[in-house]
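Engineer: This one is final_7.cif, mmCIF, C-alpha atoms.
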```
data_my_file
#
loop_
_atom_site.group_PDB
_atom_site.id
_atom_site.type_symbol
_atom_site.label_atom_id
_atom_site.label_comp_id
_atom_site.auth_asym_id
_atom_site.auth_seq_id
_atom_site.Cartn_x
_atom_site.Cartn_y
_atom_site.Cartn_z
ATOM 1 C CA MET N 1 -9.316 -7.801 21.308
ATOM 2 C CA GLN N 2 -12.593 -6.231 20.185
ATOM 3 C CA LEU N 3 -10.679 -3.795 17.961
ATOM 4 C CA ILE N 4 -8.796 -6.660 16.328
ATOM 5 C CA LEU N 5 -12.007 -8.592 15.723
ATOM 6 C CA SER N 6 -13.809 -5.591 14.238
ATOM 7 C CA SER N 7 -10.905 -4.260 12.156
ATOM 8 C CA LEU N 8 -8.566 -7.083 11.149
ATOM 9 C CA VAL N 9 -10.929 -10.058 10.883
ATOM 10 C CA PRO N 10 -13.152 -8.424 8.187
ATOM 11 C CA ILE N 11 -10.024 -7.933 6.062
ATOM 12 C CA ILE N 12 -9.008 -11.567 6.498
ATOM 13 C CA LEU N 13 -12.502 -12.791 5.617
ATOM 14 C CA LEU N 14 -12.683 -10.714 2.435
ATOM 15 C CA VAL N 15 -9.229 -11.865 1.321
ATOM 16 C CA ILE N 16 -10.228 -15.481 1.980
ATOM 17 C CA LEU N 17 -13.455 -14.913 0.027
ATOM 18 C CA GLY N 18 -11.447 -13.652 -2.944
ATOM 19 C CA ALA N 19 -9.112 -16.655 -2.732
ATOM 20 C CA VAL N 20 -12.040 -19.109 -2.577
ATOM 21 C CA LEU N 21 -13.886 -17.457 -5.463
ATOM 22 C CA PHE N 22 -10.726 -17.558 -7.571
ATOM 23 C CA LYS N 23 -9.915 -21.154 -6.595
ATOM 24 C CA TRP N 24 -13.425 -22.278 -7.562
ATOM 25 C CA ALA N 25 -13.163 -20.370 -10.864
ATOM 26 C CA PHE N 26 -16.165 -18.267 -9.848
ATOM 27 C CA VAL N 27 -13.793 -15.367 -10.437
ATOM 28 C CA THR N 28 -11.533 -15.963 -13.435
ATOM 29 C CA PRO N 29 -8.170 -14.236 -14.019
ATOM 30 C CA GLN N 30 -9.899 -11.995 -16.565
ATOM 31 C CA ILE N 31 -12.607 -10.988 -14.085
ATOM 32 C CA ARG N 32 -10.035 -10.389 -11.354
ATOM 33 C CA GLY N 33 -8.065 -8.214 -13.747
ATOM 34 C CA GLY N 34 -11.219 -6.211 -14.421
ATOM 35 C CA ILE N 35 -11.866 -5.838 -10.681
ATOM 36 C CA ASP N 36 -8.296 -4.616 -10.200
ATOM 37 C CA LYS N 37 -8.676 -2.021 -12.945
ATOM 38 C CA PHE N 38 -12.086 -0.857 -11.715
ATOM 39 C CA THR N 39 -10.821 -0.505 -8.137
ATOM 40 C CA TYR N 40 -7.630 1.271 -9.177
ATOM 41 C CA TRP N 41 -9.056 3.572 -11.853
ATOM 42 C CA VAL N 42 -12.615 4.209 -10.622
ATOM 43 C CA ALA N 43 -13.494 3.148 -7.065
ATOM 44 C CA LEU N 44 -10.410 4.345 -5.157
ATOM 45 C CA PRO N 45 -10.188 7.666 -7.056
ATOM 46 C CA SER N 46 -13.893 8.252 -6.296
ATOM 47 C CA LEU N 47 -13.174 7.636 -2.601
ATOM 48 C CA PHE N 48 -10.256 10.094 -2.711
ATOM 49 C CA VAL N 49 -12.236 12.876 -4.394
ATOM 50 C CA HIS N 50 -15.343 12.440 -2.210
ATOM 51 C CA ASP N 51 -13.487 12.365 1.122
ATOM 52 C CA LEU N 52 -10.756 14.922 0.432
ATOM 53 C CA ALA N 53 -13.185 17.449 -1.100
ATOM 54 C CA ASP N 54 -15.083 17.426 2.204
ATOM 55 C CA THR N 55 -11.949 17.947 4.321
ATOM 56 C CA ASP N 56 -11.174 21.071 6.326
ATOM 57 C CA PHE N 57 -7.464 21.283 5.510
ATOM 58 C CA ALA N 58 -7.022 24.433 7.602
ATOM 59 C CA ALA N 59 -7.650 22.354 10.725
ATOM 60 C CA LEU N 60 -5.613 19.366 9.505
ATOM 61 C CA GLU N 61 -1.979 19.012 10.606
ATOM 62 C CA THR N 62 -0.109 16.715 8.214
ATOM 63 C CA ALA N 63 3.437 18.092 8.053
ATOM 64 C CA GLY N 64 4.770 15.706 10.703
ATOM 65 C CA LEU N 65 2.862 12.783 9.247
ATOM 66 C CA LEU N 66 4.292 13.297 5.761
ATOM 67 C CA LEU N 67 7.800 13.912 7.098
ATOM 68 C CA VAL N 68 7.840 10.645 9.046
ATOM 69 C CA LEU N 69 6.375 8.722 6.099
ATOM 70 C CA VAL N 70 8.978 9.995 3.646
ATOM 71 C CA VAL N 71 11.962 9.630 5.972
ATOM 72 C CA ALA N 72 10.909 6.182 7.224
ATOM 73 C CA THR N 73 10.184 4.910 3.699
ATOM 74 C CA VAL N 74 13.537 6.058 2.340
ATOM 75 C CA ALA N 75 15.345 4.715 5.410
ATOM 76 C CA ALA N 76 13.629 1.322 5.094
ATOM 77 C CA ALA N 77 14.586 1.095 1.408
ATOM 78 C CA VAL N 78 18.207 2.011 2.179
ATOM 79 C CA VAL N 79 18.456 -0.546 4.996
ATOM 80 C CA ALA N 80 16.871 -3.211 2.760
ATOM 81 C CA ALA N 81 19.448 -2.417 0.067
ATOM 82 C CA LEU N 82 22.285 -2.750 2.593
ATOM 83 C CA VAL N 83 20.933 -6.104 3.811
ATOM 84 C CA ALA N 84 20.648 -7.342 0.218
ATOM 85 C CA LEU N 85 24.176 -6.126 -0.534
ATOM 86 C CA ILE N 86 25.681 -7.779 2.559
ATOM 87 C CA SER N 87 23.802 -10.995 1.745
ATOM 88 C CA GLY N 88 25.431 -11.077 -1.685
ATOM 89 C CA LEU N 89 22.182 -11.378 -3.635
ATOM 90 C CA SER N 90 22.332 -11.603 -7.415
ATOM 91 C CA ARG N 91 21.300 -8.692 -9.615
ATOM 92 C CA GLN N 92 17.929 -10.297 -10.326
ATOM 93 C CA ARG N 93 17.185 -10.669 -6.617
ATOM 94 C CA PHE N 94 18.741 -7.501 -5.202
ATOM 95 C CA GLY N 95 16.050 -5.126 -6.457
ATOM 96 C CA VAL N 96 13.280 -7.596 -5.629
ATOM 97 C CA PHE N 97 14.451 -7.873 -2.010
ATOM 98 C CA VAL N 98 14.475 -4.088 -1.681
ATOM 99 C CA GLN N 99 11.008 -3.807 -3.181
ATOM 100 C CA ILE N 100 9.495 -6.623 -1.098
ATOM 101 C CA GLY N 101 11.243 -5.240 1.964
ATOM 102 C CA PHE N 102 10.048 -1.633 1.914
ATOM 103 C CA ARG N 103 6.938 -1.336 -0.273
ATOM 104 C CA GLY N 104 3.679 -2.071 1.529
ATOM 105 C CA ASN N 105 0.197 -2.847 0.273
ATOM 106 C CA THR N 106 -1.153 0.378 1.727
ATOM 107 C CA ALA N 107 -4.095 0.894 -0.642
ATOM 108 C CA PHE N 108 -5.529 -2.641 -0.527
ATOM 109 C CA VAL N 109 -4.742 -3.536 3.112
ATOM 110 C CA GLY N 110 -3.678 -0.459 5.085
ATOM 111 C CA LEU N 111 -6.501 1.838 4.028
ATOM 112 C CA PRO N 112 -9.306 -0.710 4.674
ATOM 113 C CA LEU N 113 -7.859 -1.503 8.095
ATOM 114 C CA ILE N 114 -7.790 2.176 9.082
ATOM 115 C CA VAL N 115 -11.340 2.669 7.773
ATOM 116 C CA PHE N 116 -12.604 -0.292 9.823
ATOM 117 C CA ALA N 117 -10.690 0.822 12.925
ATOM 118 C CA ALA N 118 -12.051 4.383 12.656
ATOM 119 C CA SER N 119 -15.601 3.360 11.739
ATOM 120 C CA GLY N 120 -18.095 5.578 13.543
ATOM 121 C CA THR N 121 -15.466 7.128 15.819
ATOM 122 C CA ASP N 122 -12.912 9.191 13.917
ATOM 123 C CA ASP N 123 -13.458 10.216 10.295
ATOM 124 C CA GLY N 124 -10.356 12.406 10.515
ATOM 125 C CA LEU N 125 -8.247 9.264 10.735
ATOM 126 C CA VAL N 126 -9.445 8.191 7.282
ATOM 127 C CA THR N 127 -8.583 11.600 5.858
ATOM 128 C CA LEU N 128 -5.071 11.343 7.293
ATOM 129 C CA ALA N 129 -4.748 7.905 5.697
ATOM 130 C CA LEU N 130 -5.832 9.239 2.293
ATOM 131 C CA VAL N 131 -3.347 12.120 2.479
ATOM 132 C CA ALA N 132 -0.592 9.714 3.519
ATOM 133 C CA LEU N 133 -1.476 7.274 0.744
ATOM 134 C CA ALA N 134 -1.404 10.017 -1.874
ATOM 135 C CA ALA N 135 2.133 10.906 -0.767
ATOM 136 C CA LEU N 136 3.350 7.303 -0.653
ATOM 137 C CA VAL N 137 2.206 6.252 -4.133
ATOM 138 C CA PRO N 138 4.720 8.310 -6.158
ATOM 139 C CA LEU N 139 7.539 7.781 -3.641
ATOM 140 C CA ASN N 140 7.081 4.002 -3.559
ATOM 141 C CA ASN N 141 6.932 3.746 -7.347
ATOM 142 C CA LEU N 142 10.060 5.817 -7.812
ATOM 143 C CA ILE N 143 12.135 3.859 -5.282
ATOM 144 C CA ALA N 144 10.853 0.468 -6.454
ATOM 145 C CA VAL N 145 11.671 1.089 -10.118
ATOM 146 C CA ALA N 146 15.046 2.619 -9.263
ATOM 147 C CA ALA N 147 15.973 -0.415 -7.128
ATOM 148 C CA LEU N 148 15.008 -2.941 -9.798
ATOM 149 C CA VAL N 149 16.567 -1.078 -12.714
ATOM 150 C CA MET N 150 19.774 0.096 -11.046
ATOM 151 C CA ALA N 151 20.449 -3.434 -9.750
ATOM 152 C CA GLN N 152 20.619 -4.565 -13.372
ATOM 153 C CA GLN N 153 22.481 -1.461 -14.603
ATOM 154 C CA LYS N 154 19.793 -0.479 -17.087
ATOM 155 C CA LEU N 155 18.861 2.928 -15.754
ATOM 156 C CA THR N 156 18.388 5.266 -18.729
ATOM 157 C CA LEU N 157 16.734 8.600 -19.384
ATOM 158 C CA ARG N 158 13.984 6.783 -21.259
ATOM 159 C CA THR N 159 13.300 4.572 -18.240
ATOM 160 C CA LEU N 160 13.218 7.561 -15.911
ATOM 161 C CA ALA N 161 10.859 9.400 -18.260
ATOM 162 C CA ARG N 162 8.560 6.375 -18.304
ATOM 163 C CA VAL N 163 8.606 6.155 -14.501
ATOM 164 C CA PHE N 164 7.748 9.818 -14.032
ATOM 165 C CA GLY N 165 5.102 9.544 -16.750
ATOM 166 C CA LYS N 166 3.397 6.733 -14.827
ATOM 167 C CA ILE N 167 3.621 8.712 -11.595
ATOM 168 C CA PHE N 168 2.025 11.839 -13.033
ATOM 169 C CA THR N 169 -0.749 9.832 -14.722
ATOM 170 C CA ASN N 170 -1.474 7.701 -11.650
ATOM 171 C CA PRO N 171 -5.243 7.880 -10.935
ATOM 172 C CA LEU N 172 -4.724 7.917 -7.160
ATOM 173 C CA ILE N 173 -2.429 10.937 -7.381
ATOM 174 C CA ILE N 174 -4.682 12.781 -9.842
ATOM 175 C CA SER N 175 -7.814 12.136 -7.756
ATOM 176 C CA ALA N 176 -5.997 13.176 -4.562
ATOM 177 C CA VAL N 177 -4.942 16.454 -6.165
ATOM 178 C CA ILE N 178 -8.478 17.117 -7.447
ATOM 179 C CA GLY N 179 -10.101 16.284 -4.112
ATOM 180 C CA ALA N 180 -7.565 18.287 -2.106
ATOM 181 C CA ALA N 181 -7.905 21.294 -4.442
ATOM 182 C CA ILE N 182 -11.696 21.298 -4.023
ATOM 183 C CA GLY N 183 -11.325 21.041 -0.253
ATOM 184 C CA LEU N 184 -8.705 23.800 -0.053
ATOM 185 C CA LEU N 185 -10.798 26.128 -2.226
ATOM 186 C CA GLY N 186 -13.892 25.462 -0.106
ATOM 187 C CA TRP N 187 -16.012 24.398 -3.060
ATOM 188 C CA ASN N 188 -18.946 22.007 -2.798
ATOM 189 C CA ILE N 189 -19.387 19.184 -5.286
ATOM 190 C CA PRO N 190 -22.992 19.114 -6.594
ATOM 191 C CA ALA N 191 -25.016 16.340 -4.963
ATOM 192 C CA MET N 192 -25.799 14.680 -8.301
ATOM 193 C CA ILE N 193 -22.023 14.156 -8.768
ATOM 194 C CA ASP N 194 -20.965 13.710 -5.139
ATOM 195 C CA ARG N 195 -23.423 10.913 -4.378
ATOM 196 C CA PRO N 196 -22.245 8.656 -7.252
ATOM 197 C CA LEU N 197 -18.664 9.315 -6.095
ATOM 198 C CA GLU N 198 -19.635 8.292 -2.574
ATOM 199 C CA LEU N 199 -21.334 5.082 -3.762
ATOM 200 C CA LEU N 200 -18.416 4.170 -6.016
ATOM 201 C CA GLY N 201 -15.958 4.880 -3.210
ATOM 202 C CA GLN N 202 -17.849 2.556 -0.885
ATOM 203 C CA THR N 203 -17.124 -0.358 -3.238
ATOM 204 C CA ALA N 204 -13.373 0.268 -3.272
ATOM 205 C CA LEU N 205 -12.318 -1.437 -0.057
ATOM 206 C CA ALA N 206 -14.314 -4.658 -0.471
ATOM 207 C CA LEU N 207 -13.322 -5.062 -4.118
ATOM 208 C CA ALA N 208 -9.658 -4.379 -3.306
ATOM 209 C CA LEU N 209 -9.561 -7.114 -0.662
ATOM 210 C CA VAL N 210 -11.434 -9.672 -2.790
ATOM 211 C CA ALA N 211 -9.051 -8.987 -5.688
ATOM 212 C CA LEU N 212 -6.081 -9.355 -3.329
ATOM 213 C CA GLY N 213 -7.283 -12.808 -2.310
ATOM 214 C CA GLY N 214 -7.471 -13.834 -5.950
ATOM 215 C CA ALA N 215 -4.013 -12.440 -6.654
ATOM 216 C CA LEU N 216 -2.465 -14.400 -3.775
ATOM 217 C CA ILE N 217 -3.933 -17.653 -5.081
ATOM 218 C CA GLU N 218 -2.673 -16.889 -8.580
ATOM 219 C CA LEU N 219 0.950 -16.279 -7.538
ATOM 220 C CA ASN N 220 3.404 -19.186 -7.567
ATOM 221 C CA VAL N 221 5.048 -19.550 -4.144
ATOM 222 C CA THR N 222 6.709 -22.948 -4.494
ATOM 223 C CA GLU N 223 10.168 -21.457 -5.136
ATOM 224 C CA ARG N 224 12.516 -19.143 -3.205
ATOM 225 C CA VAL N 225 10.615 -19.759 0.044
ATOM 226 C CA GLY N 226 13.618 -19.476 2.359
ATOM 227 C CA LEU N 227 14.838 -16.197 0.906
ATOM 228 C CA SER N 228 11.284 -14.871 0.753
ATOM 229 C CA ILE N 229 10.739 -15.490 4.466
ATOM 230 C CA GLY N 230 13.724 -13.239 5.183
ATOM 231 C CA ALA N 231 12.375 -10.457 2.971
ATOM 232 C CA ALA N 232 8.881 -10.822 4.455
ATOM 233 C CA LEU N 233 10.202 -10.650 8.026
ATOM 234 C CA PHE N 234 12.122 -7.499 7.127
ATOM 235 C CA LYS N 235 8.876 -5.971 5.840
ATOM 236 C CA VAL N 236 6.661 -6.760 8.828
ATOM 237 C CA VAL N 237 9.258 -6.471 11.628
ATOM 238 C CA ALA N 238 12.146 -4.209 10.629
ATOM 239 C CA VAL N 239 10.081 -1.607 8.738
ATOM 240 C CA PRO N 240 7.593 -1.049 11.611
ATOM 241 C CA LEU N 241 10.514 -0.701 14.058
ATOM 242 C CA ILE N 242 12.229 1.832 11.794
ATOM 243 C CA THR N 243 8.986 3.765 11.396
ATOM 244 C CA TRP N 244 8.277 3.670 15.131
ATOM 245 C CA GLY N 245 11.725 5.131 15.778
ATOM 246 C CA PHE N 246 11.055 8.109 13.517
ATOM 247 C CA ALA N 247 7.535 8.557 14.947
ATOM 248 C CA LEU N 248 9.102 8.856 18.417
ATOM 249 C CA LEU N 249 11.905 11.100 17.150
ATOM 250 C CA PHE N 250 9.471 13.591 15.612
ATOM 251 C CA ALA N 251 6.938 13.255 18.469
ATOM 252 C CA LEU N 252 4.127 12.312 16.110
ATOM 253 C CA PRO N 253 0.598 12.669 17.584
ATOM 254 C CA ALA N 254 -1.204 9.435 18.439
ATOM 255 C CA ASP N 255 -3.615 9.453 15.471
ATOM 256 C CA GLN N 256 -0.840 10.131 12.954
ATOM 257 C CA ALA N 257 1.419 7.540 14.591
ATOM 258 C CA PHE N 258 -1.369 4.978 14.164
ATOM 259 C CA VAL N 259 -1.642 5.718 10.448
ATOM 260 C CA VAL N 260 2.098 5.470 9.745
ATOM 261 C CA MET N 261 2.423 2.290 11.830
ATOM 262 C CA VAL N 262 -0.459 0.557 10.032
ATOM 263 C CA PHE N 263 1.116 1.424 6.685
ATOM 264 C CA ALA N 264 4.520 0.234 7.945
ATOM 265 C CA ALA N 265 3.151 -3.146 9.075
ATOM 266 C CA CYS N 266 1.284 -3.821 5.821
ATOM 267 C CA PRO N 267 2.396 -6.814 3.720
ATOM 268 C CA SER N 268 4.413 -6.335 0.556
ATOM 269 C CA ALA N 269 2.459 -4.799 -2.315
ATOM 270 C CA THR N 270 1.099 -7.142 -4.996
ATOM 271 C CA ALA N 271 2.091 -4.470 -7.535
ATOM 272 C CA SER N 272 5.689 -5.467 -6.786
ATOM 273 C CA TYR N 273 5.167 -8.742 -8.644
ATOM 274 C CA ILE N 274 3.905 -7.015 -11.778
ATOM 275 C CA LEU N 275 6.777 -4.521 -11.730
ATOM 276 C CA THR N 276 9.308 -7.316 -11.211
ATOM 277 C CA THR N 277 8.078 -9.277 -14.218
ATOM 278 C CA GLN N 278 8.142 -6.148 -16.385
ATOM 279 C CA LEU N 279 11.702 -5.192 -15.410
ATOM 280 C CA GLY N 280 13.298 -8.634 -15.502
ATOM 281 C CA GLY N 281 13.644 -9.428 -11.788
ATOM 282 C CA ASP N 282 13.246 -12.788 -10.033
ATOM 283 C CA ASP N 283 9.458 -13.144 -10.250
ATOM 284 C CA ALA N 284 9.320 -16.383 -8.217
ATOM 285 C CA PHE N 285 11.066 -14.586 -5.355
ATOM 286 C CA ALA N 286 8.652 -11.653 -5.630
ATOM 287 C CA ALA N 287 5.580 -13.928 -5.648
ATOM 288 C CA ALA N 288 6.668 -15.939 -2.620
ATOM 289 C CA GLY N 289 7.665 -12.791 -0.721
ATOM 290 C CA ILE N 290 4.260 -11.179 -1.255
ATOM 291 C CA VAL N 291 2.271 -14.220 -0.116
ATOM 292 C CA ILE N 292 4.473 -14.935 2.921
ATOM 293 C CA SER N 293 4.520 -11.283 3.996
ATOM 294 C CA THR N 294 0.712 -11.234 3.769
ATOM 295 C CA VAL N 295 0.485 -14.115 6.237
ATOM 296 C CA LEU N 296 3.158 -12.698 8.566
ATOM 297 C CA SER N 297 1.624 -9.217 8.507
ATOM 298 C CA LEU N 298 -1.485 -10.385 10.382
ATOM 299 C CA PRO N 299 0.196 -10.603 13.818
ATOM 300 C CA ALA N 300 2.170 -7.431 13.049
ATOM 301 C CA LEU N 301 -1.018 -5.493 12.266
ATOM 302 C CA ALA N 302 -2.698 -6.947 15.353
ATOM 303 C CA VAL N 303 0.169 -5.601 17.485
ATOM 304 C CA VAL N 304 -0.202 -2.174 15.883
ATOM 305 C CA LEU N 305 -3.947 -2.156 16.566
ATOM 306 C CA VAL N 306 -3.408 -2.980 20.232
ATOM 307 C CA ALA N 307 -0.362 -0.758 20.818
ATOM 308 C CA PHE N 308 -1.366 2.363 18.850
#
```
Write the structure described by the file as structure tokens, please.
Structural biologist:
Amino acid sequence: MQLILSSLVPIILLVILGAVLFKWAFVTPQIRGGIDKFTYWVALPSLFVHDLADTDFAALETAGLLLVLVVATVAAAVVAALVALISGLSRQRFGVFVQIGFRGNTAFVGLPLIVFAASGTDDGLVTLALVALAALVPLNNLIAVAALVMAQQKLTLRTLARVFGKIFTNPLIISAVIGAAIGLLGWNIPAMIDRPLELLGQTALALALVALGGALIELNVTERVGLSIGAALFKVVAVPLITWGFALLFALPADQAFVVMVFAACPSATASYILTTQLGGDDAFAAAGIVISTVLSLPALAVVLVAF
């Protein structure tokens, strides 16, 4: 219970704070958009570079972690696609169900939860989470775009080129590569650069959660509620069970199993809504699925904290 109070409750409070600030117009949509951009392009990359550059990769075992993440993510997306196909969803909803069903909010919910859970006890857990997150970002983007586009039969070479262009210019991936390269080479970042990176990185988690609260208030959830509950339950129940199965199959160590299970139990990513609107999916379905999965993920994450 103490772990839940110290790890999960701070996340809930910061999300509620963001929702209240947005509802009272203390934070406007323009300000929230600026917070999103700052977190995504500056704060989180600073956290990645600072932490990964200080990592002893020779003593870090991540092969099993990355294998389980990739296999479980692909498996969850495939199962979600089969469920959507069997359910007879329309083209506009098929890709949205897959995206809501498999893609978690790992950067804005999963990472803060792991940081809070590991606070003062296990810094290596945070490093594992950063490595895992760096691997998930390109994989999630690729599958999500493919699901939305292929469902509407618009997959072209131009679309694929645009997807890969966004992946290779993603600030989280670039910062992870830079930080990991510095760590692998054994270099030290000068203090006058490292300390600003550390300070900027410390703002990332709080800003991410406050922005998430604002985003949830902004989304319209009055439509597609019934269908969205099904997609949300798939995300917070089926995906963790699938991931747990692979963690057992590959005998993942306890710390790595904790990381993959937290990421698996995360709610659907808010980025899914933006991608859906850009690619012509059912945006009302995406909005409702994200909000409902966020609520339903709280007991799922609490179970993960207690069990793992």
Engineer: Kindly indicate which residue among N:Pro267, N:Pro138, N:Gly88, N:Pro196 lies nearest to Ala232 of chain N, using all atoms listed in the file for the distances.
Structural biologist: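 Of all the options, N:Pro267 lies closest to Ala232 of chain N.
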Engineer: Just checking: using only C-alpha atoms, which residue out of N:Leu205, N:Ala135, N:Val126, N:Ile100 ends up closest to Pro10 of chain N?
Structural biologist: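 For Pro10 of chain N, the nearest of the given residues is N:Leu205.
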Engineer: Report, as lines of an AutoDock Vina configuration file, the axis-aligned box around all atoms of segment 36-43 of chain N present in the file, extended by 4 Å on each side; give centre and edge lengths in Å to one decimal place.
Structural biologist:
```
center_x = -10.6
center_y = -0.2
center_z = -10.0
size_x = 13.9
size_y = 16.8
size_z = 13.9
```
Engineer: Could you expand the PyMOL selection byres ((chain N and resi 213) around 8) into the explicit residues it covers here, written as JSON, numbers by chain?
Structural biologist: {"N": [14, 15, 16, 17, 18, 19, 20, 22, 209, 210, 211, 212, 214, 215, 216, 217]}
Engineer: List the neighbours of Thr276 of chain N out to 8 Å using all atoms listed in the file; skip same-chain residues closer than 5 positions along the sequence, and give me the result as a ChimeraX atom specification.
Structural biologist: /N:96,148,281-283,286
Engineer: Report the residues retrieved by the PyMOL selection byres ((chain N and resi 304) around 9) from the displayed file, expressed as a PyMOL selection string.
Structural biologist: chain N and resi 240+258+261-262+265+299-303+305-308
Engineer: Would you work out the distance separating atom CA of Phe234 of chain N from atom CA of Gly101 of chain N, expressed in Å to one decimal?
Structural biologist: 5.7 Å
Engineer: Take atom CA of Asn188 of chain N and atom CA of Leu52 of chain N and report the distance between them in Å, one decimal.
Structural biologist: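 Atom-to-atom, atom CA of Asn188 of chain N and atom CA of Leu52 of chain N are spaced 11.3 Å apart.
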